[in-house]
file query_9.txt (compact mmCIF, C-alpha atoms)
# COMPACT_ATOMS: atom_id res chain seq x y z
CA MET A 1 70.93 83.36 86.49
CA SER A 2 73.09 81.77 89.18
CA ARG A 3 76.85 81.76 88.99
CA LEU A 4 78.68 78.57 88.05
CA PRO A 5 80.56 77.01 90.97
CA ARG A 6 84.28 77.68 91.25
CA ILE A 7 86.38 74.63 90.56
CA LEU A 8 89.98 74.83 91.71
CA LEU A 9 92.43 71.96 91.78
CA PRO A 10 95.17 71.42 94.34
CA HIS A 11 98.54 73.01 93.50
CA THR A 12 97.01 75.62 91.19
CA VAL A 13 98.08 79.24 90.81
CA VAL A 14 95.06 81.53 90.98
CA LEU A 15 94.45 85.23 90.42
CA LEU A 16 92.13 86.49 93.18
CA THR A 17 90.49 89.85 92.55
CA SER A 18 88.09 91.71 94.81
CA ARG A 19 86.63 95.23 94.76
CA VAL A 20 85.86 97.66 97.53
CA GLU A 21 82.44 99.28 97.79
CA GLN A 22 81.82 102.27 95.55
CA GLY A 23 83.29 105.47 96.91
CA LEU A 24 85.88 103.73 99.08
CA PRO A 25 89.28 104.15 97.46
CA PHE A 26 92.44 102.52 98.71
CA VAL A 27 94.79 105.42 99.23
CA ARG A 28 98.34 104.18 98.89
CA THR A 29 99.94 105.13 102.17
CA PRO A 30 102.35 103.30 104.46
CA LEU A 31 99.49 102.80 106.93
CA MET A 32 97.19 101.23 104.31
CA GLU A 33 100.02 98.98 103.14
CA ARG A 34 100.58 97.82 106.74
CA ILE A 35 96.86 97.13 107.14
CA LEU A 36 96.81 95.00 103.98
CA TRP A 37 100.10 93.20 104.80
CA SER A 38 98.83 92.47 108.29
CA ALA A 39 95.49 91.15 107.02
CA LEU A 40 97.29 88.92 104.51
CA ALA A 41 99.54 87.57 107.27
CA VAL A 42 96.58 86.74 109.52
CA ALA A 43 94.67 85.07 106.67
CA GLN A 44 97.75 83.10 105.57
CA ASN A 45 98.44 81.97 109.10
CA LEU A 46 94.92 80.59 109.50
CA TYR A 47 94.45 79.28 105.96
CA PRO A 48 97.72 78.31 104.29
CA VAL A 49 97.34 79.83 100.86
CA LYS A 50 100.73 80.98 99.52
CA VAL A 51 100.67 84.59 98.32
CA ILE A 52 103.03 84.94 95.36
CA SER A 53 102.29 88.56 94.50
CA PHE A 54 99.70 91.23 95.04
CA VAL A 55 98.94 94.74 93.89
CA ILE A 56 96.66 97.31 95.44
CA MET A 57 94.71 99.38 92.95
CA GLY A 58 92.51 102.39 93.70
CA ASN A 59 89.33 100.39 94.21
CA HIS A 60 90.37 96.74 94.13
CA ILE A 61 93.12 94.28 94.90
CA HIS A 62 94.75 91.51 92.85
CA LEU A 63 96.42 88.59 94.61
CA ILE A 64 98.28 85.79 92.89
CA VAL A 65 98.26 82.75 95.13
CA LEU A 66 99.31 79.13 95.05
CA VAL A 67 96.40 77.02 96.21
CA GLU A 68 97.41 73.79 97.90
CA ASP A 69 93.94 73.02 99.27
CA PRO A 70 91.15 74.57 97.15
CA GLU A 71 88.71 74.39 100.05
CA LEU A 72 90.75 77.01 101.92
CA VAL A 73 90.49 79.79 99.32
CA GLU A 74 87.04 81.00 100.33
CA SER A 75 87.94 81.05 104.02
CA PHE A 76 91.24 82.79 103.23
CA MET A 77 89.42 85.54 101.31
CA GLU A 78 86.76 85.91 103.99
CA ARG A 79 89.41 86.31 106.71
CA PHE A 80 91.42 88.78 104.60
CA LYS A 81 88.34 90.90 103.91
CA CYS A 82 87.22 90.72 107.55
CA GLU A 83 90.63 91.79 108.89
CA THR A 84 90.96 94.69 106.44
CA SER A 85 87.35 95.80 107.01
CA HIS A 86 87.79 95.93 110.78
CA ALA A 87 91.05 97.87 110.50
CA ILE A 88 89.73 100.34 107.91
CA ASN A 89 86.52 100.92 109.85
CA ARG A 90 88.50 101.53 113.06
CA LEU A 91 90.77 103.94 111.21
CA MET A 92 87.78 105.85 109.83
CA GLY A 93 85.85 105.80 113.11
CA ARG A 94 83.00 103.72 111.65
CA ARG A 95 81.18 100.70 113.00
CA GLN A 96 80.32 97.68 110.87
CA VAL A 97 80.31 99.46 107.52
CA THR A 98 80.79 97.24 104.48
CA VAL A 99 84.19 97.76 102.88
CA TRP A 100 84.33 94.98 100.29
CA CYS A 101 81.88 94.02 97.57
CA GLU A 102 80.50 90.53 97.92
CA GLY A 103 82.49 87.69 96.37
CA TYR A 104 85.69 87.67 94.37
CA HIS A 105 86.98 86.44 91.02
CA SER A 106 89.33 83.46 91.00
CA PRO A 107 90.50 82.40 87.54
CA ALA A 108 93.31 79.85 87.42
CA ILE A 109 96.60 80.84 85.84
CA LEU A 110 97.50 77.88 83.68
CA THR A 111 100.86 78.66 82.11
CA GLU A 112 104.18 80.16 83.19
CA SER A 113 103.90 82.87 80.54
CA ASP A 114 100.44 83.83 81.85
CA LEU A 115 101.85 83.97 85.39
CA ILE A 116 104.72 86.22 84.33
CA GLU A 117 102.31 88.46 82.42
CA LYS A 118 100.02 88.80 85.45
CA ILE A 119 102.90 89.56 87.81

call {"tool": "encode", "arguments": {"input": "query_9.txt", "output": "structure tokens"}}
result
Amino acid sequence: MSRLPRILLPHTVVLLTSRVEQGLPFVRTPLMERILWSALAVAQNLYPVKVISFVIMGNHIHLIVLVEDPELVESFMERFKCETSHAINRLMGRRQVTVWCEGYHSPAILTESDLIEKI
């Protein structure tokens, strides 16, 4: 069964979640944090999605973003994943190894109380 298309409206707060491939944990180190911050900066610069908050878990990441132009979310996530993959692969001495699972989840956060709870 195919997945239903994502429908996001302009000026919506969205929770973006994506997982890394099995067996690839994010080890919380200053270097990994710099890699992720840098990748977010590059993606934000190219595709203006406003990052409100994010948290790095052992095998996935959660980003809360304000979406001004819904058409930019997919490109933003692709750029973020590409930047982090290149940096992680360089760090580990690997070439073109998949870091992220395909796709991401992007439910809208509809109320202030839901936003506070997610943060």

call {"tool": "closest_residue", "arguments": {"input": "query_9.txt", "among": "A:Phe80, A:Ile88, A:Pro107, A:Leu66", "to": "Asn45 (chain A)", "atoms": "only C-alpha atoms"}}
result
A:Phe80

call {"tool": "atom_distance", "arguments": {"input": "query_9.txt", "atom1": "CA of Ala43 (chain A)", "atom2": "CA of Met77 (chain A)"}}
result
7.5 Å

call {"tool": "residues_around", "arguments": {"input": "query_9.txt", "residues": "Glu68 (chain A)", "least_positions_apart": "5", "cutoff": "12 Å", "atoms": "only C-alpha atoms", "output": "list in words"}}
result
Leu8, Leu9, Pro10, His11, Thr12, Val13, Val14, Tyr47, Pro48, Val49, Lys50, Val51 and Val73 of chain A

call {"tool": "write_last_selection", "arguments": {"input": "query_9.txt", "atoms": "C-alpha atoms", "output": "short mmCIF file (atom, residue, chain, number, x, y, z; two decimals), in the frame of the given file"}}
result
data_model
loop_
_atom_site.label_atom_id
_atom_site.label_comp_id
_atom_site.auth_asym_id
_atom_site.auth_seq_id
_atom_site.Cartn_x
_atom_site.Cartn_y
_atom_site.Cartn_z
CA LEU A 8 89.98 74.83 91.71
CA LEU A 9 92.43 71.96 91.78
CA PRO A 10 95.17 71.42 94.34
CA HIS A 11 98.54 73.01 93.50
CA THR A 12 97.01 75.62 91.19
CA VAL A 13 98.08 79.24 90.81
CA VAL A 14 95.06 81.53 90.98
CA TYR A 47 94.45 79.28 105.96
CA PRO A 48 97.72 78.31 104.29
CA VAL A 49 97.34 79.83 100.86
CA LYS A 50 100.73 80.98 99.52
CA VAL A 51 100.67 84.59 98.32
CA VAL A 73 90.49 79.79 99.32
#

call {"tool": "atom_distance", "arguments": {"input": "query_9.txt", "atom1": "CA of Arg34 (chain A)", "atom2": "CA of Ser106 (chain A)"}}
result
24.1 Å

call {"tool": "residues_near_point", "arguments": {"input": "query_9.txt", "point": "(101.8, 87.6, 97.0)", "cutoff": "6 Å", "atoms": "only C-alpha atoms", "output": "PyMOL selection string"}}
result
chain A and resi 51-54+63-64

call {"tool": "residues_near_point", "arguments": {"input": "query_9.txt", "point": "(90.2, 86.2, 93.5)", "cutoff": "7 Å", "atoms": "only C-alpha atoms", "output": "list in words"}}
result
Leu15, Leu16, Thr17, Ser18, Leu63, Tyr104, His105 and Ser106 of chain A

call {"tool": "closest_residue", "arguments": {"input": "query_9.txt", "among": "A:Thr98, A:Gln22, A:Gln44, A:Asn89", "to": "Phe76 (chain A)", "atoms": "only C-alpha atoms"}}
result
A:Gln44

call {"tool": "closest_residue", "arguments": {"input": "query_9.txt", "among": "A:Ile116, A:Ala87, A:Ile109, A:Val20", "to": "Met32 (chain A)", "atoms": "only C-alpha atoms"}}
result
A:Ala87

call {"tool": "closest_residue", "arguments": {"input": "query_9.txt", "among": "A:Val42, A:Met57, A:Leu36, A:Leu31", "to": "Leu91 (chain A)", "atoms": "all atoms listed in the file"}}
result
A:Leu31

call {"tool": "closest_residue", "arguments": {"input": "query_9.txt", "among": "A:Ile35, A:Leu46, A:Ile119, A:Val67", "to": "Arg90 (chain A)", "atoms": "all atoms listed in the file"}}
result
A:Ile35

call {"tool": "atom_distance", "arguments": {"input": "query_9.txt", "atom1": "CA of Trp37 (chain A)", "atom2": "CA of Thr84 (chain A)"}}
result
9.4 Å

call {"tool": "closest_residue", "arguments": {"input": "query_9.txt", "among": "A:Ala41, A:Asn59, A:Glu71, A:Arg28", "to": "Ile7 (chain A)", "atoms": "only C-alpha atoms"}}
result
A:Glu71
